[in-house]
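K.L.:
Below is entry.tsv; it holds TSV, C-alpha atoms and all ligand atoms.
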chain	number	residue	atom	x	y	z
A	9	MET	CA	0.00	0.00	0.00
A	10	GLY	CA	1.53	3.27	-1.13
A	11	LYS	CA	0.81	6.68	0.29
A	12	MET	CA	-1.64	7.57	-2.46
A	13	SER	CA	-3.99	4.67	-1.84
A	14	ARG	CA	-4.30	5.47	1.86
A	15	TYR	CA	-4.93	9.06	0.96
A	16	ASP	CA	-7.66	8.10	-1.57
A	17	TRP	CA	-9.21	5.77	0.92
A	18	SER	CA	-9.54	8.34	3.66
A	19	ILE	CA	-10.99	10.89	1.23
A	20	LYS	CA	-13.54	8.37	-0.04
A	21	THR	CA	-14.48	7.23	3.43
A	22	GLY	CA	-15.01	10.82	4.46
A	23	ILE	CA	-17.25	11.56	1.49
A	24	THR	CA	-19.22	8.37	1.94
A	25	ARG	CA	-19.86	9.25	5.54
A	26	VAL	CA	-20.98	12.78	4.73
A	27	ASN	CA	-23.30	11.50	1.99
A	28	THR	CA	-24.81	8.88	4.23
A	29	SER	CA	-25.63	11.29	7.00
A	30	PHE	CA	-26.99	13.73	4.42
A	31	LEU	CA	-29.36	11.10	3.02
A	32	PHE	CA	-30.27	10.09	6.53
A	33	MET	CA	-31.17	13.70	7.34
A	34	ARG	CA	-33.27	13.98	4.15
A	35	PHE	CA	-35.13	10.89	5.26
A	36	TRP	CA	-35.87	12.40	8.66
A	37	MET	CA	-36.82	15.73	7.20
A	38	LEU	CA	-39.37	13.92	5.05
A	39	LEU	CA	-40.81	12.07	8.02
A	40	ILE	CA	-40.91	15.25	10.05
A	41	LEU	CA	-42.69	17.13	7.29
A	42	LEU	CA	-45.22	14.33	6.94
A	43	GLY	CA	-45.68	14.29	10.70
A	44	LEU	CA	-46.08	18.05	10.88
A	45	ALA	CA	-48.99	17.98	8.51
A	46	GLY	CA	-50.87	16.08	11.17
A	47	LEU	CA	-49.44	17.58	14.33
A	48	GLY	CA	-49.73	21.29	13.76
A	49	ALA	CA	-47.88	24.27	15.11
A	50	THR	CA	-46.71	23.04	18.55
A	51	ALA	CA	-44.73	20.17	17.09
A	52	LYS	CA	-43.29	22.45	14.42
A	53	ALA	CA	-41.73	24.76	17.01
A	54	GLU	CA	-40.10	21.78	18.72
A	55	VAL	CA	-38.59	20.03	15.74
A	56	SER	CA	-37.51	22.87	13.49
A	57	ALA	CA	-35.35	24.81	15.98
A	58	GLU	CA	-31.72	23.74	16.32
A	59	PRO	CA	-30.71	25.48	19.54
A	60	LEU	CA	-27.00	25.70	18.63
A	61	VAL	CA	-25.62	27.32	15.50
A	62	TRP	CA	-21.99	26.52	14.62
A	63	ASN	CA	-19.80	28.91	12.64
A	64	VAL	CA	-18.72	26.01	10.40
A	65	ILE	CA	-19.58	22.33	10.20
A	66	THR	CA	-16.50	21.29	8.24
A	67	ASN	CA	-13.36	23.09	9.33
A	68	GLU	CA	-10.43	23.03	6.92
A	69	TYR	CA	-6.80	23.66	7.65
A	70	THR	CA	-3.66	23.52	5.55
A	71	ALA	CA	-0.55	22.78	7.58
A	72	LYS	CA	2.65	24.72	7.04
A	73	PRO	CA	5.78	22.68	6.30
A	74	GLY	CA	7.25	21.45	9.58
A	75	ASP	CA	4.01	21.84	11.58
A	76	ILE	CA	3.68	19.06	14.13
A	77	SER	CA	0.16	20.05	15.10
A	78	ALA	CA	-2.88	21.81	13.64
A	79	HIS	CA	-4.95	24.19	15.75
A	80	LEU	CA	-8.52	24.99	14.78
A	81	PHE	CA	-11.64	26.09	16.57
A	82	PHE	CA	-15.41	25.93	16.30
A	83	MET	CA	-17.74	28.66	17.60
A	84	ALA	CA	-21.19	27.74	18.88
A	85	THR	CA	-24.03	30.20	19.50
A	86	ASN	CA	-27.14	29.35	21.46
A	87	VAL	CA	-29.97	30.84	19.38
A	88	SER	CA	-32.72	29.35	21.52
A	89	SER	CA	-34.38	30.93	24.53
A	90	ALA	CA	-33.26	28.19	26.94
A	91	GLU	CA	-29.88	27.16	28.29
A	92	VAL	CA	-28.07	24.48	26.23
A	93	THR	CA	-25.81	21.95	27.92
A	94	ILE	CA	-23.07	20.09	26.09
A	95	ASP	CA	-22.16	17.05	28.15
A	96	GLY	CA	-18.94	16.22	26.33
A	97	VAL	CA	-17.16	15.80	23.01
A	98	LYS	CA	-15.84	12.67	21.36
A	99	THR	CA	-13.19	12.74	18.66
A	100	SER	CA	-12.66	10.11	15.97
A	101	CYS	CA	-9.09	9.34	17.03
A	102	GLY	CA	-6.61	9.82	19.86
A	103	CYS	CA	-4.68	12.19	17.61
A	104	THR	CA	-7.45	14.80	17.84
A	105	SER	CA	-8.32	16.59	21.05
A	106	ALA	CA	-11.21	18.97	21.62
A	107	LYS	CA	-11.28	21.39	24.54
A	108	MET	CA	-14.56	22.88	25.72
A	109	PRO	CA	-14.45	26.13	27.75
A	110	SER	CA	-15.88	24.14	30.68
A	111	ASP	CA	-16.99	20.55	31.24
A	112	PRO	CA	-19.99	20.28	31.02
A	113	TRP	CA	-20.35	23.31	28.80
A	114	HIS	CA	-23.40	25.50	29.50
A	115	LEU	CA	-24.49	28.14	27.02
A	116	ALA	CA	-27.08	30.65	28.17
A	117	PRO	CA	-29.57	32.00	25.59
A	118	LYS	CA	-27.69	34.11	22.96
A	119	GLU	CA	-24.34	33.10	24.45
A	120	SER	CA	-21.45	32.09	22.15
A	121	GLY	CA	-18.44	29.98	23.03
A	122	ARG	CA	-15.39	28.49	21.46
A	123	MET	CA	-14.14	24.90	21.31
A	124	ASP	CA	-10.43	24.50	20.53
A	125	ILE	CA	-9.17	21.56	18.50
A	126	THR	CA	-5.62	20.22	18.30
A	127	VAL	CA	-4.71	17.58	15.72
A	128	ASP	CA	-1.44	15.70	16.14
A	129	LEU	CA	0.31	15.72	12.74
A	130	ARG	CA	3.39	13.75	13.75
A	131	GLY	CA	4.22	11.18	11.09
A	132	LYS	CA	1.10	12.00	9.05
A	133	THR	CA	0.87	12.70	5.32
A	134	GLY	CA	-1.78	13.69	2.80
A	135	THR	CA	-5.25	14.73	3.90
A	136	LEU	CA	-6.67	13.78	7.29
A	137	LEU	CA	-10.40	13.68	7.88
A	138	LYS	CA	-11.49	13.68	11.52
A	139	SER	CA	-14.81	14.05	13.24
A	140	VAL	CA	-15.81	15.67	16.50
A	141	THR	CA	-19.08	14.49	18.02
A	142	VAL	CA	-20.79	16.99	20.29
A	143	LEU	CA	-22.82	15.15	22.95
A	144	SER	CA	-25.97	16.85	24.16
A	145	THR	CA	-29.56	15.78	24.75
A	146	ASN	CA	-31.00	18.49	22.49
A	147	ALA	CA	-28.01	19.94	20.63
A	148	GLY	CA	-25.92	16.95	19.52
A	149	LYS	CA	-23.85	17.53	16.40
A	150	GLN	CA	-21.24	15.92	14.20
A	151	LEU	CA	-18.48	18.36	13.18
A	152	LEU	CA	-15.76	17.54	10.65
A	153	ILE	CA	-12.13	18.53	10.31
A	154	SER	CA	-10.04	18.27	7.18
A	155	VAL	CA	-6.30	18.88	7.47
A	156	THR	CA	-4.10	18.96	4.39
A	157	ILE	CA	-0.42	18.29	4.99
A	158	PRO	CA	1.89	19.59	2.26
A	159	PRO	CA	4.37	17.16	0.68
A	160	GLY	CA	7.38	16.78	2.97
A	161	GLY	CA	5.17	17.92	5.85
A	162	THR	CA	6.34	16.91	9.28
A	163	ASN	CA	8.43	14.10	7.83
A	164	THR	CA	11.50	16.26	7.49
A	165	LEU	CA	11.84	15.93	11.29
A	166	SER	CA	13.07	12.69	12.80
A	167	PRO	CA	10.38	10.95	14.89
A	168	GLU	CA	12.40	11.76	18.03
A	169	MET	CA	12.59	15.45	17.17
A	170	ALA	CA	8.89	15.55	16.24
A	171	ASN	CA	8.09	14.03	19.66
A	172	ARG	CA	10.18	16.62	21.43
A	173	MET	CA	8.63	19.52	19.55
A	174	TRP	CA	5.22	18.09	20.39
A	175	ASN	CA	6.13	17.74	24.08
A	176	GLN	CA	7.43	21.29	24.21
A	177	GLU	CA	4.25	22.53	22.58
A	178	MET	CA	2.11	20.66	25.13
A	179	ALA	CA	4.18	22.14	27.96
A	180	ALA	CA	3.92	25.64	26.47
A	181	ALA	CA	0.11	25.34	26.51
A	182	ASP	CA	0.15	23.95	30.08
A	183	ARG	CA	3.43	23.69	32.03
A	184	GLN	CA	1.83	20.96	34.21
A	185	ALA	CA	1.33	18.79	31.10
A	186	VAL	CA	4.45	16.83	32.08
A	187	PHE	CA	2.43	15.28	34.92
A	188	LYS	CA	-0.45	14.18	32.70
A	189	GLY	CA	-1.26	11.67	29.94
A	190	ASP	CA	1.65	9.89	28.24
A	191	CYS	CA	4.19	12.16	29.89
A	192	VAL	CA	3.79	10.54	33.32
A	193	LYS	CA	5.95	7.50	32.65
A	194	CYS	CA	9.05	9.65	32.27
A	195	HIS	CA	8.24	12.86	34.17
A	196	LEU	CA	5.97	11.82	37.07
A	197	GLU	CA	6.04	8.15	38.06
A	198	PRO	CA	9.83	7.86	38.53
A	199	ALA	CA	9.58	10.50	41.32
A	200	PHE	CA	7.19	8.49	43.48
A	201	GLY	CA	8.68	7.53	46.85
A	202	LYS	CA	12.13	9.04	46.15
A	203	ASN	CA	14.07	11.64	48.13
A	204	GLY	CA	17.27	13.72	47.85
A	205	ALA	CA	19.79	12.78	45.14
A	206	ALA	CA	17.69	9.96	43.69
A	207	LEU	CA	14.71	12.32	43.43
A	208	TYR	CA	16.80	15.07	41.84
A	209	LYS	CA	18.00	12.71	39.12
A	210	VAL	CA	14.52	11.69	37.94
A	211	ALA	CA	12.55	14.87	38.69
A	212	CYS	CA	14.99	17.64	37.71
A	213	GLY	CA	17.95	15.96	36.02
A	214	ILE	CA	15.74	14.54	33.27
A	215	CYS	CA	15.43	18.07	31.84
A	216	HIS	CA	18.32	20.00	33.38
A	217	ASP	CA	21.09	17.41	32.95
A	218	SER	CA	20.19	16.09	29.50
A	219	PRO	CA	23.14	16.63	27.15
A	220	GLN	CA	20.71	17.46	24.33
A	221	ARG	CA	18.25	19.57	26.34
A	222	ALA	CA	16.58	22.55	24.71
A	223	THR	CA	18.51	25.82	24.91
A	224	MET	CA	16.01	27.46	27.29
A	225	VAL	CA	16.68	24.81	29.98
A	226	PRO	CA	19.51	26.22	32.17
A	227	ASP	CA	22.47	24.30	33.58
A	228	LEU	CA	21.59	24.57	37.27
A	229	LYS	CA	25.22	24.59	38.45
A	230	ILE	CA	26.12	27.59	36.28
A	231	TRP	CA	22.81	29.25	37.03
A	232	ALA	CA	23.10	28.91	40.84
A	233	ALA	CA	26.72	30.07	40.83
A	234	LYS	CA	25.63	33.52	39.67
A	235	THR	CA	22.37	33.78	41.63
A	236	PRO	CA	22.15	34.48	45.38
A	237	ILE	CA	19.74	31.80	46.58
A	238	GLY	CA	19.25	29.51	49.57
A	239	THR	CA	17.09	26.63	50.77
A	240	ASN	CA	13.86	28.61	50.81
A	241	TYR	CA	14.36	29.66	47.24
A	242	TRP	CA	14.81	26.04	46.20
A	243	LYS	CA	11.71	24.98	48.11
A	244	GLY	CA	9.67	27.62	46.34
A	245	MET	CA	11.10	26.85	42.90
A	246	VAL	CA	10.50	23.10	43.29
A	247	ALA	CA	6.97	23.57	44.65
A	248	HIS	CA	5.74	26.31	42.30
A	249	GLY	CA	8.08	26.24	39.28
A	250	LYS	CA	8.22	29.31	37.08
A	251	PRO	CA	4.82	30.46	35.78
A	252	GLY	CA	4.76	31.51	32.14
A	253	THR	CA	7.61	29.14	31.17
A	254	LEU	CA	8.01	25.38	30.63
A	255	MET	CA	9.31	24.93	34.22
A	256	PRO	CA	6.58	22.95	36.05
A	257	ALA	CA	5.33	23.15	39.67
A	258	PHE	CA	6.17	19.91	41.53
A	259	ALA	CA	4.00	20.31	44.65
A	260	ALA	CA	1.21	17.74	44.88
A	261	THR	CA	-1.09	20.65	45.72
A	262	GLU	CA	-0.43	22.02	42.21
A	263	GLY	CA	-0.80	18.71	40.37
A	264	GLY	CA	2.83	17.64	40.74
A	265	PRO	CA	4.16	14.40	42.25
A	266	LEU	CA	5.87	15.69	45.45
A	267	ASP	CA	4.72	15.96	49.05
A	268	GLN	CA	6.27	18.48	51.46
A	269	ASN	CA	8.85	16.01	52.85
A	270	GLN	CA	10.12	15.29	49.36
A	271	ILE	CA	10.28	19.00	48.53
A	272	ASP	CA	12.27	19.68	51.72
A	273	SER	CA	14.70	16.83	51.08
A	274	LEU	CA	15.18	18.01	47.48
A	275	ALA	CA	15.82	21.61	48.61
A	276	ASP	CA	18.51	20.45	51.07
A	277	PHE	CA	20.15	18.38	48.35
A	278	LEU	CA	20.00	21.24	45.79
A	279	LYS	CA	21.50	23.77	48.19
A	280	ALA	CA	24.47	21.47	48.84
A	281	LYS	CA	24.91	20.41	45.20
A	282	PHE	CA	24.73	23.86	43.60
A	283	PRO	CA	26.68	26.43	45.63
A	284	SER	CA	25.49	30.03	45.43
A	285	PRO	CA	27.34	33.33	46.08
A	286	GLU	CA	25.20	34.42	49.05
A	287	GLU	CA	22.42	32.81	50.96
A	288	PRO	CA	19.88	35.44	51.96
A	289	ASP	CA	17.83	32.83	53.82
A	290	SER	CA	20.69	30.99	55.56
A	291	ASP	CA	18.37	31.20	58.56
A	292	GLU	CA	16.69	28.02	57.35
A	293	ASP	CA	13.42	26.23	57.75
A	294	GLU	CA	11.03	29.09	57.73
A	295	ASP	CA	8.64	27.12	55.54
A	296	GLU	CA	7.53	28.80	52.29
A	301	LIG	C1	10.18	8.63	27.01
A	301	LIG	C2	10.32	9.55	28.12
A	301	LIG	C3	9.65	10.92	27.98
A	301	LIG	C4	8.32	11.19	27.75
A	301	LIG	C5	7.19	10.19	27.51
A	301	LIG	C6	8.19	12.62	27.78
A	301	LIG	N1	9.40	13.21	28.02
A	301	LIG	FE1	9.75	15.20	28.22
A	301	LIG	N2	11.75	14.84	28.30
A	301	LIG	C7	12.33	13.59	28.34
A	301	LIG	C8	13.79	13.75	28.31
A	301	LIG	C9	14.81	12.61	28.35
A	301	LIG	C10	14.04	15.14	28.24
A	301	LIG	C11	15.39	15.87	28.16
A	301	LIG	C12	15.67	16.28	26.72
A	301	LIG	C13	16.08	15.09	25.90
A	301	LIG	O1	17.06	14.40	26.26
A	301	LIG	O2	15.39	14.82	24.91
A	301	LIG	C14	12.74	15.79	28.26
A	301	LIG	C15	12.56	17.16	28.21
A	301	LIG	C16	11.35	17.81	28.26
A	301	LIG	C17	11.19	19.25	28.30
A	301	LIG	C18	12.31	20.29	28.31
A	301	LIG	C19	12.56	20.84	26.89
A	301	LIG	C20	13.45	19.94	26.05
A	301	LIG	O3	12.95	19.37	25.06
A	301	LIG	O4	14.64	19.80	26.34
A	301	LIG	C21	9.87	19.47	28.33
A	301	LIG	C22	9.19	20.82	28.36
A	301	LIG	C23	9.19	18.19	28.32
A	301	LIG	N3	10.13	17.19	28.28
A	301	LIG	C24	7.83	18.01	28.33
A	301	LIG	C25	7.19	16.78	28.11
A	301	LIG	C26	5.75	16.62	27.94
A	301	LIG	C27	4.74	17.75	28.03
A	301	LIG	C28	5.53	15.31	27.71
A	301	LIG	C29	4.20	14.61	27.38
A	301	LIG	C30	3.39	15.23	26.33
A	301	LIG	C31	6.82	14.64	27.76
A	301	LIG	N4	7.79	15.56	28.00
A	301	LIG	C32	6.98	13.28	27.60
A	301	LIG	C33	11.68	12.38	28.38
A	301	LIG	C34	10.32	12.20	28.13
A	302	LIG	C1	10.09	19.42	31.94
A	302	LIG	C2	11.42	19.92	32.06
A	302	LIG	C3	11.85	20.47	33.40
A	302	LIG	C4	11.92	19.79	34.59
A	302	LIG	C5	11.49	18.37	34.85
A	302	LIG	C6	12.48	20.71	35.55
A	302	LIG	N1	12.75	21.92	34.95
A	302	LIG	FE1	13.59	23.55	35.85
A	302	LIG	N2	13.37	24.59	34.12
A	302	LIG	C7	12.86	24.10	32.95
A	302	LIG	C8	12.84	25.16	31.97
A	302	LIG	C9	12.31	25.06	30.54
A	302	LIG	C10	13.38	26.30	32.58
A	302	LIG	C11	13.61	27.68	31.97
A	302	LIG	C12	12.46	28.59	32.35
A	302	LIG	C13	12.57	29.90	31.62
A	302	LIG	O1	12.21	29.90	30.44
A	302	LIG	O2	12.98	30.89	32.24
A	302	LIG	C14	13.71	25.90	33.94
A	302	LIG	C15	14.28	26.76	34.87
A	302	LIG	C16	14.69	26.38	36.13
A	302	LIG	C17	15.36	27.25	37.07
A	302	LIG	C18	15.76	28.70	36.82
A	302	LIG	C19	14.63	29.58	37.26
A	302	LIG	C20	14.77	31.03	36.87
A	302	LIG	O3	14.33	31.87	37.66
A	302	LIG	O4	15.26	31.32	35.77
A	302	LIG	C21	15.59	26.50	38.19
A	302	LIG	C22	16.27	26.99	39.45
A	302	LIG	C23	15.02	25.21	37.96
A	302	LIG	N3	14.48	25.15	36.72
A	302	LIG	C24	15.05	24.18	38.89
A	302	LIG	C25	14.45	22.95	38.69
A	302	LIG	C26	14.37	21.93	39.71
A	302	LIG	C27	14.93	22.04	41.10
A	302	LIG	C28	13.70	20.85	39.16
A	302	LIG	C29	13.30	19.56	39.82
A	302	LIG	C30	12.39	19.66	40.92
A	302	LIG	C31	13.38	21.22	37.78
A	302	LIG	N4	13.84	22.48	37.55
A	302	LIG	C32	12.74	20.40	36.88
A	302	LIG	C33	12.43	22.81	32.70
A	302	LIG	C34	12.37	21.81	33.65
Would you put the structure from the file into structure tokens?

P.N.:
Amino acid sequence: MGKMSRYDWSIKTGITRVNTSFLFMRFWMLLILLGLAGLGATAKAEVSAEPLVWNVITNEYTAKPGDISAHLFFMATNVSSAEVTIDGVKTSCGCTSAKMPSDPWHLAPKESGRMDITVDLRGKTGTLLKSVTVLSTNAGKQLLISVTIPPGGTNTLSPEMANRMWNQEMAAADRQAVFKGDCVKCHLEPAFGKNGAALYKVACGICHDSPQRATMVPDLKIWAAKTPIGTNYWKGMVAHGKPGTLMPAFAATEGGPLDQNQIDSLADFLKAKFPSPEEPDSDEDEDE
């Protein structure tokens, strides 16, 4: 099977699906019209109003060379006079994620809201057709996404590099992403039950001591040598990280893996391992 045949197949499948649901809708419309003739005005008001109007039903996106993800969005407006509740969304594959503004998502009458979509393009070629199913008792909907990847696409990156770019992008959107989903096996689980040096190696060293780490990740030895910090600084940095960057917060209270004892043991280890010019808080153990 060459690339072209997979491409053709997915296009055809997509079209077949659209046609089927279109015919299906025609069928229902016919039944409804027939029914209306007998039921009169009350029934008409109920069946003809779709409470949610979407800005598009099929959203198209053309990736730029080197893109490892596609970002799209759908806007929904509640045109009815009652609140609409969307209970959830289901996507046609694990490579597509849909984020509602809240879960469940409530839209008051006349309210609009936005659902963000991310499609993972790593290792993909050609045209991808994905669906997003909006689950609601009275406003269910099937939305479609078509992403065209230019020749060459993401394939100019090695799979390892594409994974790293993807991970960095996930962390840029949410610096606590390292403690969620697939990331946990490398960034969260190894820290369970460890303290001191062993904890440093798996929790911090994974990023800060990697020989091929990204340029924004500082060498902590060099960094500490020119920064006047002490144990309390380390406790705070480990617990809360650095908001607005890829540096995560490790405290369990912020979604990280570490309890207070682990944070304290790590801070003691860090202070000894990375000497600093001055220690403004050499008067230790004034927690936080
Ligand atoms: C297979 C283990 C593994 C998984 C899974 C993993 N990482 Fe990493 N991560 C690493 C390693 C190792 C490094 C250090 C850089 C290197 O050597 O590639 C790193 C570095 C990072 C960095 C620092 C920037 C950089 O690239 O140097 C960020 C941010 C990051 N990972 C986020 C994530 C996120 C978010 C996920 C999940 C979506 C994730 N990682 C999944 C092993 C992993
Ligand atoms: C997922 C990768 C990752 C892990 C794991 C990680 N860091 Fe970081 N860290 C970063 C990045 C990225 C930066 C650079 C932030 C920036 O852009 O300023 C950073 C910056 C820092 C800084 C400098 C802060 C500043 O003010 O500039 C310190 C100190 C630090 N990390 C300590 C730690 C410690 C201690 C741990 C272990 C508990 C840790 N890091 C674990 C990615 C990581």

K.L.:
Need to verify the contact set: range 129-140 of chain A, 6 Å, all atoms listed in the file, exclusion of same-chain residues closer than 5 positions in sequence. Can you return it as number ranges by chain?

P.N.:
A: 15, 76-77, 98-100, 150-157

K.L.:
What is the CA of Ser166 in chain A to CA of Cys215 in chain A distance in Å?

P.N.:
19.9 Å

K.L.:
If you count only C-alpha atoms and all ligand atoms, which residues end up within 8 Å of ligand LIG 302 (chain A), as a ChimeraX atom specification?

P.N.:
/A:179,183,186,195,208,210-216,222,224-226,228,231-232,242,245-247,249-250,252-258,271,274-275,278

K.L.:
Between A:Ala259, A:Ala106, A:Leu60, A:Ala90, which is the closest to Ala199 in chain A once you count all atoms listed in the file?

P.N.:
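Nearest to Ala199 in chain A: A:Ala259.
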
K.L.:
Given 5 Å on each side, where is the centre and what are the edge lengths in Å to one decimal of the axis-aligned box enclosing the listed atoms of ligand LIG 301 (chain A), as JSON?

P.N.:
{"center_x": 10.2, "center_y": 14.7, "center_z": 26.6, "size_x": 23.7, "size_y": 22.2, "size_z": 13.5}

K.L.:
Could you check how far CA of Thr141 in chain A sits from CA of Val192 in chain A, in Å to one decimal?

P.N.:
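Separation of CA of Thr141 in chain A and CA of Val192 in chain A: 27.8 Å.
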
K.L.:
State, in Å with one decimal place, the distance from CA of Gly244 in chain A to CA of Met178 in chain A.

P.N.:
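Interatomic distance here is 23.6 Å.
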